[in-house]
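For reference, upload_21.cif is printed below; it contains mmCIF, C-alpha atoms and all ligand atoms.
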data_structure
loop_
_atom_site.label_atom_id
_atom_site.label_comp_id
_atom_site.auth_asym_id
_atom_site.auth_seq_id
_atom_site.Cartn_x
_atom_site.Cartn_y
_atom_site.Cartn_z
CA MET A 208 -30.84 -6.27 -47.91
CA LYS A 209 -32.80 -3.39 -49.48
CA SER A 210 -33.50 -0.47 -47.16
CA PRO A 211 -37.13 -0.45 -46.03
CA LEU A 212 -39.67 1.62 -47.93
CA LYS A 213 -40.82 4.58 -45.90
CA ILE A 214 -44.63 4.65 -45.94
CA LEU A 215 -46.55 7.55 -44.45
CA THR A 216 -50.21 6.74 -43.76
CA ILE A 217 -52.40 9.83 -43.35
CA PHE A 218 -55.89 9.78 -41.84
CA GLY A 219 -58.07 11.84 -39.51
CA THR A 220 -61.69 10.75 -39.16
CA ARG A 221 -63.34 7.77 -37.46
CA PRO A 222 -64.03 5.72 -40.59
CA GLU A 223 -60.55 6.28 -42.00
CA ALA A 224 -58.99 5.23 -38.70
CA ILE A 225 -61.08 2.04 -38.64
CA LYS A 226 -60.14 1.17 -42.20
CA MET A 227 -56.46 2.15 -41.80
CA PHE A 228 -55.59 0.49 -38.47
CA PRO A 229 -55.28 -3.01 -39.97
CA LEU A 230 -52.87 -1.60 -42.55
CA VAL A 231 -50.83 0.22 -39.89
CA HIS A 232 -50.67 -2.97 -37.79
CA ALA A 233 -49.44 -4.88 -40.85
CA LEU A 234 -46.88 -2.21 -41.84
CA ASP A 235 -45.53 -2.05 -38.29
CA ALA A 236 -44.97 -5.82 -38.30
CA ASP A 237 -43.26 -6.00 -41.70
CA GLU A 238 -39.51 -5.42 -42.10
CA ARG A 239 -39.94 -4.37 -45.72
CA PHE A 240 -41.40 -1.09 -44.46
CA ASP A 241 -40.57 1.85 -42.25
CA SER A 242 -44.08 2.80 -41.11
CA ARG A 243 -44.91 6.38 -40.15
CA VAL A 244 -48.36 7.65 -39.20
CA CYS A 245 -49.76 11.17 -39.49
CA VAL A 246 -53.23 11.96 -38.13
CA SER A 247 -54.88 15.25 -38.96
CA GLY A 248 -57.24 15.16 -35.98
CA GLN A 249 -60.07 16.15 -38.37
CA HIS A 250 -62.17 14.22 -35.86
CA ARG A 251 -60.84 14.48 -32.33
CA GLY A 252 -62.95 12.38 -29.98
CA MET A 253 -64.06 9.79 -32.51
CA LEU A 254 -60.55 9.41 -33.96
CA ASP A 255 -59.04 8.94 -30.50
CA GLN A 256 -61.60 6.20 -29.70
CA VAL A 257 -60.20 4.17 -32.60
CA LEU A 258 -56.52 4.95 -31.92
CA ASP A 259 -57.01 3.75 -28.33
CA ILE A 260 -58.65 0.47 -29.26
CA ALA A 261 -56.15 -0.23 -32.05
CA GLY A 262 -53.15 0.79 -29.92
CA ILE A 263 -51.79 3.24 -32.49
CA ARG A 264 -49.57 6.14 -31.43
CA PRO A 265 -49.20 8.51 -34.39
CA HIS A 266 -45.84 10.09 -35.13
CA HIS A 267 -47.59 13.33 -36.11
CA ASP A 268 -50.90 14.71 -34.83
CA LEU A 269 -52.00 17.98 -36.44
CA ASP A 270 -54.91 18.30 -34.00
CA LEU A 271 -56.73 20.68 -36.30
CA MET A 272 -60.42 20.03 -35.56
CA GLN A 273 -62.45 23.19 -34.95
CA PRO A 274 -66.05 23.16 -33.70
CA ASP A 275 -68.47 23.07 -36.65
CA GLN A 276 -65.59 23.51 -39.09
CA THR A 277 -66.15 24.76 -42.62
CA LEU A 278 -64.90 22.70 -45.53
CA ASP A 279 -62.67 25.45 -46.90
CA ALA A 280 -60.96 26.35 -43.60
CA LEU A 281 -60.51 22.64 -42.81
CA THR A 282 -59.03 21.93 -46.24
CA ALA A 283 -56.67 24.91 -46.11
CA ASN A 284 -55.35 23.87 -42.69
CA LEU A 285 -55.00 20.27 -43.79
CA LEU A 286 -53.02 21.15 -46.88
CA THR A 287 -50.47 23.35 -45.12
CA GLY A 288 -50.28 21.10 -42.03
CA ILE A 289 -49.74 17.90 -43.99
CA GLY A 290 -47.31 19.66 -46.33
CA LYS A 291 -44.99 20.40 -43.40
CA VAL A 292 -45.10 16.77 -42.25
CA LEU A 293 -44.24 15.58 -45.76
CA ASP A 294 -41.28 17.95 -45.92
CA ALA A 295 -40.01 16.63 -42.59
CA GLU A 296 -40.61 12.94 -43.30
CA GLN A 297 -39.89 12.73 -47.06
CA PRO A 298 -41.65 9.35 -47.38
CA ASP A 299 -41.30 7.05 -50.40
CA TRP A 300 -45.08 6.63 -50.51
CA VAL A 301 -48.12 8.32 -49.01
CA VAL A 302 -51.18 6.15 -48.31
CA VAL A 303 -54.65 7.68 -47.94
CA GLN A 304 -58.04 6.01 -47.56
CA GLY A 305 -61.49 6.82 -48.87
CA ASP A 306 -62.88 10.25 -49.53
CA THR A 307 -62.60 12.69 -46.63
CA ALA A 308 -61.05 16.15 -46.61
CA THR A 309 -57.98 14.64 -44.89
CA ALA A 310 -57.56 12.01 -47.60
CA MET A 311 -58.00 14.49 -50.45
CA SER A 312 -55.64 17.06 -48.90
CA GLY A 313 -53.06 14.39 -48.02
CA ALA A 314 -53.01 13.18 -51.61
CA LEU A 315 -52.79 16.71 -52.99
CA ALA A 316 -49.94 17.73 -50.67
CA ALA A 317 -48.04 14.58 -51.71
CA TYR A 318 -48.72 15.20 -55.39
CA TYR A 319 -47.36 18.75 -55.04
CA ARG A 320 -44.10 17.15 -53.84
CA LYS A 321 -44.13 14.40 -56.48
CA ILE A 322 -44.46 11.75 -53.76
CA PRO A 323 -46.45 8.78 -55.12
CA VAL A 324 -49.85 8.25 -53.55
CA ALA A 325 -51.55 4.91 -52.90
CA HIS A 326 -55.33 5.11 -52.51
CA VAL A 327 -57.10 2.55 -50.33
CA GLU A 328 -60.82 2.05 -51.12
CA ALA A 329 -60.38 3.47 -54.60
CA GLY A 330 -62.99 3.64 -57.34
CA LEU A 331 -66.21 4.08 -55.36
CA ARG A 332 -68.56 6.18 -57.47
CA SER A 333 -72.21 7.14 -57.04
CA GLY A 334 -72.16 9.09 -60.31
CA ASN A 335 -73.65 12.12 -58.53
CA ILE A 336 -71.32 14.84 -57.27
CA HIS A 337 -73.95 16.00 -54.72
CA HIS A 338 -74.50 12.54 -53.14
CA PRO A 339 -72.42 11.93 -51.13
CA TRP A 340 -71.23 15.51 -50.80
CA PRO A 341 -68.36 16.38 -50.92
CA GLU A 342 -67.00 12.84 -50.88
CA GLU A 343 -67.77 11.93 -54.51
CA VAL A 344 -65.53 14.73 -55.75
CA ASN A 345 -62.88 14.11 -53.07
CA ARG A 346 -62.34 10.56 -54.27
CA LYS A 347 -62.34 11.57 -57.93
CA ILE A 348 -59.60 14.11 -57.14
CA ILE A 349 -57.58 11.45 -55.32
CA GLY A 350 -58.16 9.02 -58.19
CA SER A 351 -56.73 11.51 -60.66
CA MET A 352 -53.45 11.73 -58.71
CA ALA A 353 -52.89 8.25 -57.26
CA ALA A 354 -50.12 6.01 -58.58
CA LEU A 355 -51.72 2.89 -57.07
CA HIS A 356 -55.46 2.31 -56.69
CA PHE A 357 -56.60 -0.38 -54.25
CA ALA A 358 -60.18 -1.04 -55.31
CA PRO A 359 -62.31 -3.04 -52.86
CA THR A 360 -64.35 -4.76 -55.59
CA GLU A 361 -64.32 -5.44 -59.32
CA THR A 362 -67.15 -2.86 -59.67
CA ALA A 363 -64.89 -0.17 -58.18
CA ALA A 364 -61.96 -1.22 -60.39
CA ALA A 365 -64.18 -1.04 -63.48
CA ALA A 366 -65.26 2.51 -62.53
CA LEU A 367 -61.61 3.59 -62.50
CA ARG A 368 -60.88 1.97 -65.85
CA LEU A 369 -63.88 3.82 -67.30
CA GLU A 370 -62.17 7.06 -66.21
CA ASN A 371 -59.08 6.03 -68.22
CA VAL A 372 -56.97 5.22 -65.16
CA ASP A 373 -54.05 3.02 -66.26
CA PRO A 374 -55.32 -0.54 -65.63
CA ALA A 375 -51.84 -1.64 -64.54
CA THR A 376 -52.18 0.62 -61.48
CA VAL A 377 -55.61 -0.70 -60.43
CA HIS A 378 -55.76 -3.72 -58.10
CA VAL A 379 -58.79 -5.42 -56.58
CA THR A 380 -57.79 -6.01 -52.97
CA GLY A 381 -61.05 -6.13 -50.98
CA ASN A 382 -61.79 -3.55 -48.30
CA THR A 383 -59.73 -3.25 -45.14
CA VAL A 384 -63.01 -2.77 -43.21
CA ILE A 385 -63.38 -6.56 -43.21
CA ASP A 386 -59.84 -6.92 -41.80
CA ALA A 387 -60.89 -4.44 -39.07
CA LEU A 388 -64.10 -6.34 -38.34
CA HIS A 389 -62.25 -9.67 -38.06
CA TRP A 390 -59.67 -8.12 -35.73
CA ILE A 391 -62.22 -6.52 -33.45
CA THR A 392 -64.35 -9.68 -33.34
CA ALA A 393 -61.32 -11.68 -32.24
CA GLN A 394 -60.49 -9.08 -29.60
CA ILE A 395 -64.05 -9.22 -28.21
CA GLU A 396 -63.95 -13.02 -28.14
CA GLN A 397 -60.79 -12.88 -26.04
CA ARG A 398 -62.05 -10.05 -23.80
CA PRO A 399 -65.87 -9.80 -23.77
CA ALA A 400 -65.61 -6.85 -21.36
CA LEU A 401 -64.46 -4.77 -24.34
CA ALA A 402 -68.06 -4.70 -25.60
CA ALA A 403 -70.06 -5.18 -22.41
CA ASP A 404 -71.28 -1.64 -21.76
CA LEU A 405 -74.48 -1.98 -23.78
CA ALA A 406 -75.86 -4.44 -21.19
CA PRO A 407 -78.03 -1.84 -19.36
CA LEU A 408 -79.68 -0.81 -22.65
CA GLU A 409 -80.15 -4.44 -23.62
CA ALA A 410 -81.92 -4.99 -20.29
CA ARG A 411 -84.04 -1.84 -20.70
CA PHE A 412 -85.20 -3.00 -24.13
CA ALA A 413 -85.54 -6.72 -23.32
CA GLY A 414 -88.30 -8.33 -25.41
CA LYS A 415 -88.18 -5.60 -28.07
CA ARG A 416 -86.48 -5.81 -31.42
CA ILE A 417 -83.59 -3.40 -31.65
CA ILE A 418 -82.86 -1.15 -34.59
CA GLY A 419 -79.37 0.36 -34.70
CA VAL A 420 -79.35 3.87 -36.15
CA THR A 421 -76.58 6.20 -37.36
CA SER A 422 -76.72 9.40 -39.36
CA HIS A 423 -74.24 12.12 -40.28
CA ARG A 424 -74.21 12.87 -44.00
CA ARG A 425 -73.73 16.54 -44.83
CA GLU A 426 -76.12 16.36 -47.79
CA ASN A 427 -78.82 15.25 -45.30
CA PHE A 428 -78.43 18.33 -43.07
CA GLY A 429 -81.68 20.26 -42.80
CA GLY A 430 -84.68 18.52 -44.39
CA GLY A 431 -83.04 15.10 -44.59
CA MET A 432 -82.21 15.02 -40.87
CA GLU A 433 -85.74 16.21 -40.03
CA GLY A 434 -87.16 13.36 -42.12
CA ILE A 435 -84.93 10.81 -40.38
CA ALA A 436 -85.93 12.11 -36.93
CA ASP A 437 -89.61 12.04 -37.92
CA ALA A 438 -89.30 8.41 -39.05
CA ILE A 439 -87.63 7.40 -35.79
CA ARG A 440 -90.39 9.10 -33.77
CA GLN A 441 -93.09 7.25 -35.72
CA LEU A 442 -91.33 3.90 -35.40
CA ALA A 443 -90.88 4.40 -31.66
CA ALA A 444 -94.67 4.53 -31.32
CA ARG A 445 -94.89 0.85 -32.38
CA GLY A 446 -93.98 -0.24 -28.88
CA ASP A 447 -92.39 -3.54 -29.95
CA VAL A 448 -89.16 -1.99 -31.22
CA ALA A 449 -86.44 0.13 -29.68
CA MET A 450 -83.88 2.27 -31.43
CA ILE A 451 -80.32 2.64 -30.21
CA PHE A 452 -78.82 5.70 -31.85
CA PRO A 453 -75.20 6.67 -31.12
CA VAL A 454 -75.33 10.30 -32.23
CA HIS A 455 -72.45 11.63 -34.35
CA LEU A 456 -70.55 14.52 -32.73
CA ASN A 457 -71.27 16.91 -35.59
CA PRO A 458 -73.40 19.69 -34.00
CA ASN A 459 -75.66 19.78 -37.08
CA VAL A 460 -76.69 16.20 -36.31
CA ARG A 461 -76.90 16.50 -32.53
CA LYS A 462 -79.08 19.60 -32.50
CA VAL A 463 -81.86 18.06 -34.63
CA MET A 464 -81.79 14.68 -32.96
CA ASN A 465 -81.76 16.08 -29.42
CA GLU A 466 -84.60 18.46 -30.19
CA GLN A 467 -86.75 15.85 -31.93
CA LEU A 468 -86.02 12.63 -30.08
CA ALA A 469 -84.85 13.29 -26.51
CA GLY A 470 -86.97 11.59 -23.87
CA LEU A 471 -88.80 9.13 -26.15
CA GLU A 472 -89.33 5.86 -24.31
CA ASN A 473 -88.19 3.55 -27.11
CA VAL A 474 -85.28 5.65 -28.34
CA ALA A 475 -81.84 5.71 -26.71
CA LEU A 476 -79.79 8.65 -27.94
CA ILE A 477 -76.26 7.81 -26.81
CA GLU A 478 -72.71 9.04 -27.33
CA PRO A 479 -70.67 7.62 -30.24
CA LEU A 480 -69.72 4.04 -29.43
CA ASP A 481 -66.16 2.81 -29.67
CA TYR A 482 -65.61 0.16 -32.34
CA PRO A 483 -66.13 -2.97 -30.20
CA HIS A 484 -69.39 -1.61 -28.81
CA PHE A 485 -70.57 -0.61 -32.27
CA ALA A 486 -69.85 -4.14 -33.52
CA ARG A 487 -71.91 -5.39 -30.56
CA LEU A 488 -74.73 -3.00 -31.50
CA ILE A 489 -74.88 -4.45 -35.02
CA ASP A 490 -74.88 -7.92 -33.46
CA ILE A 491 -77.91 -7.26 -31.20
CA SER A 492 -79.83 -5.30 -33.85
CA THR A 493 -82.57 -6.78 -36.02
CA LEU A 494 -81.64 -4.30 -38.72
CA MET A 495 -79.52 -1.20 -39.25
CA LEU A 496 -80.93 2.14 -40.36
CA THR A 497 -78.09 4.37 -41.52
CA ASP A 498 -76.66 6.88 -43.96
CA SER A 499 -73.10 5.73 -43.21
CA GLY A 500 -70.74 4.32 -45.79
CA GLY A 501 -68.90 1.92 -43.51
CA VAL A 502 -72.04 0.51 -41.91
CA GLN A 503 -73.27 -0.45 -45.40
CA GLU A 504 -70.24 -2.73 -45.60
CA GLU A 505 -70.27 -4.09 -42.05
CA ALA A 506 -73.98 -4.90 -41.62
CA PRO A 507 -74.21 -7.26 -44.62
CA ALA A 508 -70.97 -8.94 -43.52
CA LEU A 509 -72.66 -9.65 -40.17
CA GLY A 510 -75.89 -10.86 -41.80
CA LYS A 511 -77.99 -7.83 -40.85
CA PRO A 512 -80.30 -6.05 -43.32
CA VAL A 513 -79.28 -2.44 -43.83
CA LEU A 514 -81.71 0.29 -44.85
CA VAL A 515 -79.68 3.12 -46.34
CA MET A 516 -81.10 6.60 -45.77
CA ARG A 517 -79.64 8.03 -48.97
CA GLU A 518 -80.79 8.57 -52.56
CA THR A 519 -77.77 6.92 -54.18
CA THR A 520 -74.92 4.71 -53.08
CA GLU A 521 -71.37 4.25 -54.26
CA ARG A 522 -71.53 0.80 -52.70
CA PRO A 523 -74.05 -0.91 -55.00
CA GLU A 524 -72.82 -4.40 -54.13
CA GLY A 525 -75.12 -4.78 -51.10
CA VAL A 526 -78.15 -3.43 -52.97
CA GLU A 527 -77.50 -5.76 -55.90
CA ALA A 528 -77.22 -8.74 -53.56
CA GLY A 529 -80.46 -7.77 -51.79
CA THR A 530 -78.91 -7.25 -48.35
CA ALA A 531 -79.12 -3.43 -48.53
CA LEU A 532 -81.95 -1.18 -49.64
CA LEU A 533 -81.93 2.54 -50.47
CA VAL A 534 -84.80 4.25 -48.60
CA GLY A 535 -83.90 7.96 -48.87
CA THR A 536 -84.75 10.40 -46.08
CA ASP A 537 -88.51 10.74 -46.51
CA ALA A 538 -90.17 9.64 -43.27
CA VAL A 539 -93.09 7.88 -44.99
CA ARG A 540 -90.78 5.70 -47.07
CA ILE A 541 -88.42 4.89 -44.18
CA VAL A 542 -91.29 3.90 -41.87
CA ALA A 543 -92.95 1.77 -44.58
CA GLU A 544 -89.73 -0.14 -45.34
CA VAL A 545 -88.86 -0.73 -41.69
CA ASN A 546 -92.42 -1.90 -40.95
CA ARG A 547 -92.30 -4.26 -43.94
CA LEU A 548 -89.12 -5.90 -42.64
CA LEU A 549 -90.43 -6.10 -39.09
CA ASP A 550 -93.82 -7.56 -40.05
CA ASP A 551 -93.00 -9.79 -43.03
CA ALA A 552 -90.72 -12.66 -42.04
CA ASP A 553 -90.08 -13.68 -45.66
CA ALA A 554 -89.02 -10.15 -46.61
CA TYR A 555 -86.74 -10.07 -43.56
CA ASP A 556 -85.19 -13.47 -44.25
CA ALA A 557 -84.50 -12.50 -47.85
CA MET A 558 -82.34 -9.58 -46.66
CA ALA A 559 -80.78 -11.13 -43.56
CA ARG A 560 -78.17 -13.22 -45.30
CA ALA A 561 -74.49 -12.93 -44.58
CA HIS A 562 -73.09 -11.31 -47.68
CA ASN A 563 -69.56 -10.17 -47.99
CA PRO A 564 -68.53 -8.73 -51.33
CA PHE A 565 -66.18 -6.28 -49.64
CA GLY A 566 -63.32 -8.53 -48.63
CA ASP A 567 -62.01 -11.65 -46.96
CA GLY A 568 -60.01 -10.06 -44.15
CA LEU A 569 -56.71 -10.34 -46.06
CA THR A 570 -56.81 -6.95 -47.78
CA SER A 571 -53.96 -5.36 -45.81
CA ALA A 572 -51.60 -8.21 -46.65
CA ARG A 573 -52.42 -7.83 -50.35
CA ILE A 574 -51.83 -4.09 -50.21
CA LEU A 575 -48.45 -4.57 -48.53
CA ASP A 576 -47.31 -6.99 -51.23
CA LEU A 577 -48.37 -4.55 -53.95
CA LEU A 578 -46.54 -1.67 -52.24
CA ALA A 579 -43.41 -3.77 -51.81
CA ARG A 580 -43.45 -4.62 -55.50
C1 LIG A 601 -66.43 13.72 -41.96
C2 LIG A 601 -66.10 13.53 -43.46
C3 LIG A 601 -67.04 12.52 -44.08
C4 LIG A 601 -67.10 11.24 -43.26
C5 LIG A 601 -67.43 11.56 -41.81
C6 LIG A 601 -67.39 10.29 -40.98
C7 LIG A 601 -65.26 15.40 -44.79
C8 LIG A 601 -65.60 16.62 -45.54
N1 LIG A 601 -66.27 14.79 -44.17
O1 LIG A 601 -67.69 14.38 -41.89
O2 LIG A 601 -66.60 12.22 -45.39
O3 LIG A 601 -68.09 10.39 -43.81
O4 LIG A 601 -66.46 12.48 -41.30
O5 LIG A 601 -67.93 10.48 -39.73
O6 LIG A 601 -64.11 15.02 -44.72
N2 LIG A 601 -66.89 16.70 -34.26
C9 LIG A 601 -66.50 16.60 -32.94
N3 LIG A 601 -65.74 15.53 -32.55
C10 LIG A 601 -65.39 14.54 -33.39
C11 LIG A 601 -65.81 14.63 -34.72
C12 LIG A 601 -66.55 15.70 -35.15
O7 LIG A 601 -66.81 17.48 -32.14
O8 LIG A 601 -64.73 13.59 -32.97
C13 LIG A 601 -67.69 17.86 -34.71
C14 LIG A 601 -66.87 19.16 -34.79
O9 LIG A 601 -67.69 20.23 -34.42
C15 LIG A 601 -66.54 19.23 -36.27
C16 LIG A 601 -67.81 18.67 -36.89
O10 LIG A 601 -68.20 17.61 -36.01
O11 LIG A 601 -66.26 20.54 -36.71
C17 LIG A 601 -67.70 18.20 -38.30
O12 LIG A 601 -66.61 17.32 -38.48
P1 LIG A 601 -66.03 17.10 -40.01
O13 LIG A 601 -64.93 16.10 -39.95
O14 LIG A 601 -65.73 18.40 -40.62
O15 LIG A 601 -67.23 16.55 -40.83
P2 LIG A 601 -68.14 15.29 -40.67
O16 LIG A 601 -69.50 15.76 -41.01
O17 LIG A 601 -67.85 14.60 -39.39
N1 LIG A 602 -68.93 3.48 -35.84
C1 LIG A 602 -68.46 3.40 -34.55
N2 LIG A 602 -69.22 3.94 -33.53
C2 LIG A 602 -70.41 4.55 -33.77
C3 LIG A 602 -70.86 4.64 -35.11
C4 LIG A 602 -70.08 4.09 -36.12
O1 LIG A 602 -67.40 2.83 -34.28
O2 LIG A 602 -71.03 5.01 -32.81
C5 LIG A 602 -68.08 2.93 -36.94
C6 LIG A 602 -68.74 1.93 -37.84
O3 LIG A 602 -68.54 0.62 -37.38
C7 LIG A 602 -68.04 2.17 -39.17
C8 LIG A 602 -67.61 3.60 -39.11
O4 LIG A 602 -67.73 4.01 -37.76
O5 LIG A 602 -66.87 1.38 -39.30
C9 LIG A 602 -68.48 4.46 -39.97
O6 LIG A 602 -68.20 5.80 -39.72
P1 LIG A 602 -69.15 6.97 -40.17
O7 LIG A 602 -70.53 6.45 -40.35
O8 LIG A 602 -68.90 8.09 -39.24
O9 LIG A 602 -68.52 7.40 -41.59
P2 LIG A 602 -68.71 6.86 -43.08
O10 LIG A 602 -68.42 5.40 -43.11
O11 LIG A 602 -70.10 7.20 -43.53
O12 LIG A 602 -67.71 7.66 -43.85
#
As a first step, turn the structure in this file into structure tokens.
Ligand code: UD1
Ligand code: UDP
Amino acid sequence: MKSPLKILTIFGTRPEAIKMFPLVHALDADERFDSRVCVSGQHRGMLDQVLDIAGIRPHHDLDLMQPDQTLDALTANLLTGIGKVLDAEQPDWVVVQGDTATAMSGALAAYYRKIPVAHVEAGLRSGNIHHPWPEEVNRKIIGSMAALHFAPTETAAAALRLENVDPATVHVTGNTVIDALHWITAQIEQRPALAADLAPLEARFAGKRIIGVTSHRRENFGGGMEGIADAIRQLAARGDVAMIFPVHLNPNVRKVMNEQLAGLENVALIEPLDYPHFARLIDISTLMLTDSGGVQEEAPALGKPVLVMRETTERPEGVEAGTALLVGTDAVRIVAEVNRLLDDADAYDAMARAHNPFGDGLTSARILDLLAR
């Protein structure tokens, strides 16, 4: 029998952990692979929430988060920290996901050692290097080095081919986020207590329609965040809606939101939810208001309209299908679009269709077969 392929998965933020845990579960269960996990700790609290739920104990934890970290210091620490792990582990393949500083640095450190890189969620492009910032450039850098590109959709695969990436290395696999969503839904079905802690808020807001809110994009810091907060304040005055807003741990987000929104009767500013509770939040929400990448994929899959507080998206599939709408960060526009959905049942019904272009829940299995080949 062939000796197993040594695969080192590298991740460090909440969304990467959510989209990588199904792959780690699958690698751990498959004799074709020797699975090793390195986390950077780029996020500390929000990463650990996911590791706990998914039951993953990393072999390496660089623990390098600093309060309000700068991109250059973070990247420098990532590159040297991951380099040492690669020298110790000498994996056959490195697998990174998405577009964070951890993913970009992990790919670069592997490339410097001529270790082949596989990129999960490859080929997302907004076409604008400032939106999302710095993620658009991070994923282009990874794309230029990867030996295997796992594109979630045909649109993403086409974007890579347009950049002259060898088509033989590009595979449409779906997005592992749908694997993660299926797994967590099954877990909650077996153990409803996993997602039961929103009950007091559900009781407080009984009879009101709930809007789930998230926001963290760096390009929205400053004016964009102010606009988002302003919109939430205006919507809260309606009286018939309530907003549940788990606030990202980035201090640039928390400062604005706490200053602008604390104490409003129809707004619950809460700590980041673990994944089962966030899935529950989407479930009880009439619509999602977000600048997140992952939530743009999850909300349509769960049949919830998603209003995207960004100017562009690298996930056009939801917009094209009519289940997602770009609303920017101008308060007037956000309020108008939310009001339209709340007050016009036809407009709401047109968006509230389950739509799932991002995968069928079998993405990890496909990726494993491609790696084994
Ligand atoms: C990062 C990613 C972004 C991704 C986002 C998901 C980069 C450059 N940015 O942005 O692509 O969409 O994560 O959420 O890779 N913090 C905590 N605890 C945590 C997490 C963050 O305290 O668990 C605080 C720290 O002060 C930290 C700051 O948030 O310095 C910023 O974290 P960082 O990972 O640098 O950037 P994000 O804006 O979270
Ligand atoms: N999420 C979560 N708890 C929260 C907010 C979000 O578990 O309080 C999950 C959400 O389900 C999605 C992911 O975090 O899978 C999105 O992460 P984030 O918005 O931080 O990053 P992005 O996807 O924009 O890179």
Could you give me, as number ranges by chain, every polymer residue with an atom at most 6 Å away from an atom of ligand LIG 602 (chain A), counting only C-alpha atoms and all ligand atoms?
-> A: 221-222, 225, 453, 479-482, 485, 499-502
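Once Leu577 in chain A and its same-chain neighbours fewer than 2 positions away are set aside, A:Leu355, A:Phe357, A:Thr376, A:His378, A:Thr380, A:Ser571, A:Ala572, A:Arg573, A:Ile574, A:Leu575, A:Ala579, A:Arg580 remain within 10 Å of it when counting all atoms listed in the file.
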Would you export the selected residues with C-alpha atoms as a PDB file, in the coordinates of the input, please?
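File written: result17.pdb
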ATOM      1  CA  LEU A 355     -51.720   2.890 -57.070  1.00  0.00           C
ATOM      2  CA  PHE A 357     -56.600  -0.380 -54.250  1.00  0.00           C
ATOM      3  CA  THR A 376     -52.180   0.620 -61.480  1.00  0.00           C
ATOM      4  CA  HIS A 378     -55.760  -3.720 -58.100  1.00  0.00           C
ATOM      5  CA  THR A 380     -57.790  -6.010 -52.970  1.00  0.00           C
ATOM      6  CA  SER A 571     -53.960  -5.360 -45.810  1.00  0.00           C
ATOM      7  CA  ALA A 572     -51.600  -8.210 -46.650  1.00  0.00           C
ATOM      8  CA  ARG A 573     -52.420  -7.830 -50.350  1.00  0.00           C
ATOM      9  CA  ILE A 574     -51.830  -4.090 -50.210  1.00  0.00           C
ATOM     10  CA  LEU A 575     -48.450  -4.570 -48.530  1.00  0.00           C
ATOM     11  CA  ALA A 579     -43.410  -3.770 -51.810  1.00  0.00           C
ATOM     12  CA  ARG A 580     -43.450  -4.620 -55.500  1.00  0.00           C
TER      13      ARG A 580
END
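Minimum atom-to-atom distance to Ile491 in chain A, evaluated using all atoms listed in the file, belongs to A:Ala406 out of A:Ala364, A:Ala329, A:Ala406, A:Val460.
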Would you kindly return, as number ranges by chain, each protein, DNA or RNA residue with an atom no farther than 12 Å from any atom of Asp556 in chain A, considering all atoms listed in the file and excluding same-chain residues fewer than 4 positions away?
-> A: 493-494, 510-512, 529-530, 547-552, 560-561
Write out as number ranges by chain each polymer residue whose atoms come within 10 Å of Glu342 in chain A, counting all atoms listed in the file; drop sequence neighbours fewer than 4 positions from it.
-> A: 305-308, 311, 331-333, 336-338, 346-348, 424-425
Would you list the contacts of Ala375 in chain A as a PyMOL selection string, taking every protein, DNA or RNA residue within 10 Å and counting all atoms listed in the file, but skipping same-chain residues closer than 4 positions in sequence?
-> chain A and resi 354-356+368
Of the listed residues A:Phe452, A:Trp300, A:Tyr555, A:Trp340, that which approaches ligand LIG 601 (chain A) most closely, counting only C-alpha atoms and all ligand atoms |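 So, comparing all the options, the nearest one is A:Trp340.
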Write out as a list in words which residues come within 7 Å of Val302 in chain A when counting only C-alpha atoms, dropping same-chain ones fewer than 3 positions away.
->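 So, after excluding close chain neighbours, the residues are Leu215, Thr216, Ile217, Val324, Ala325 and His326 of chain A.
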Counting all atoms listed in the file, figure out which residue out of A:Leu293, A:Ala310, A:Ala261, A:Ala402 gets nearest to ligand LIG 601 (chain A).
->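 Of the candidates, the smallest distance to ligand LIG 601 (chain A) is held by A:Ala310.
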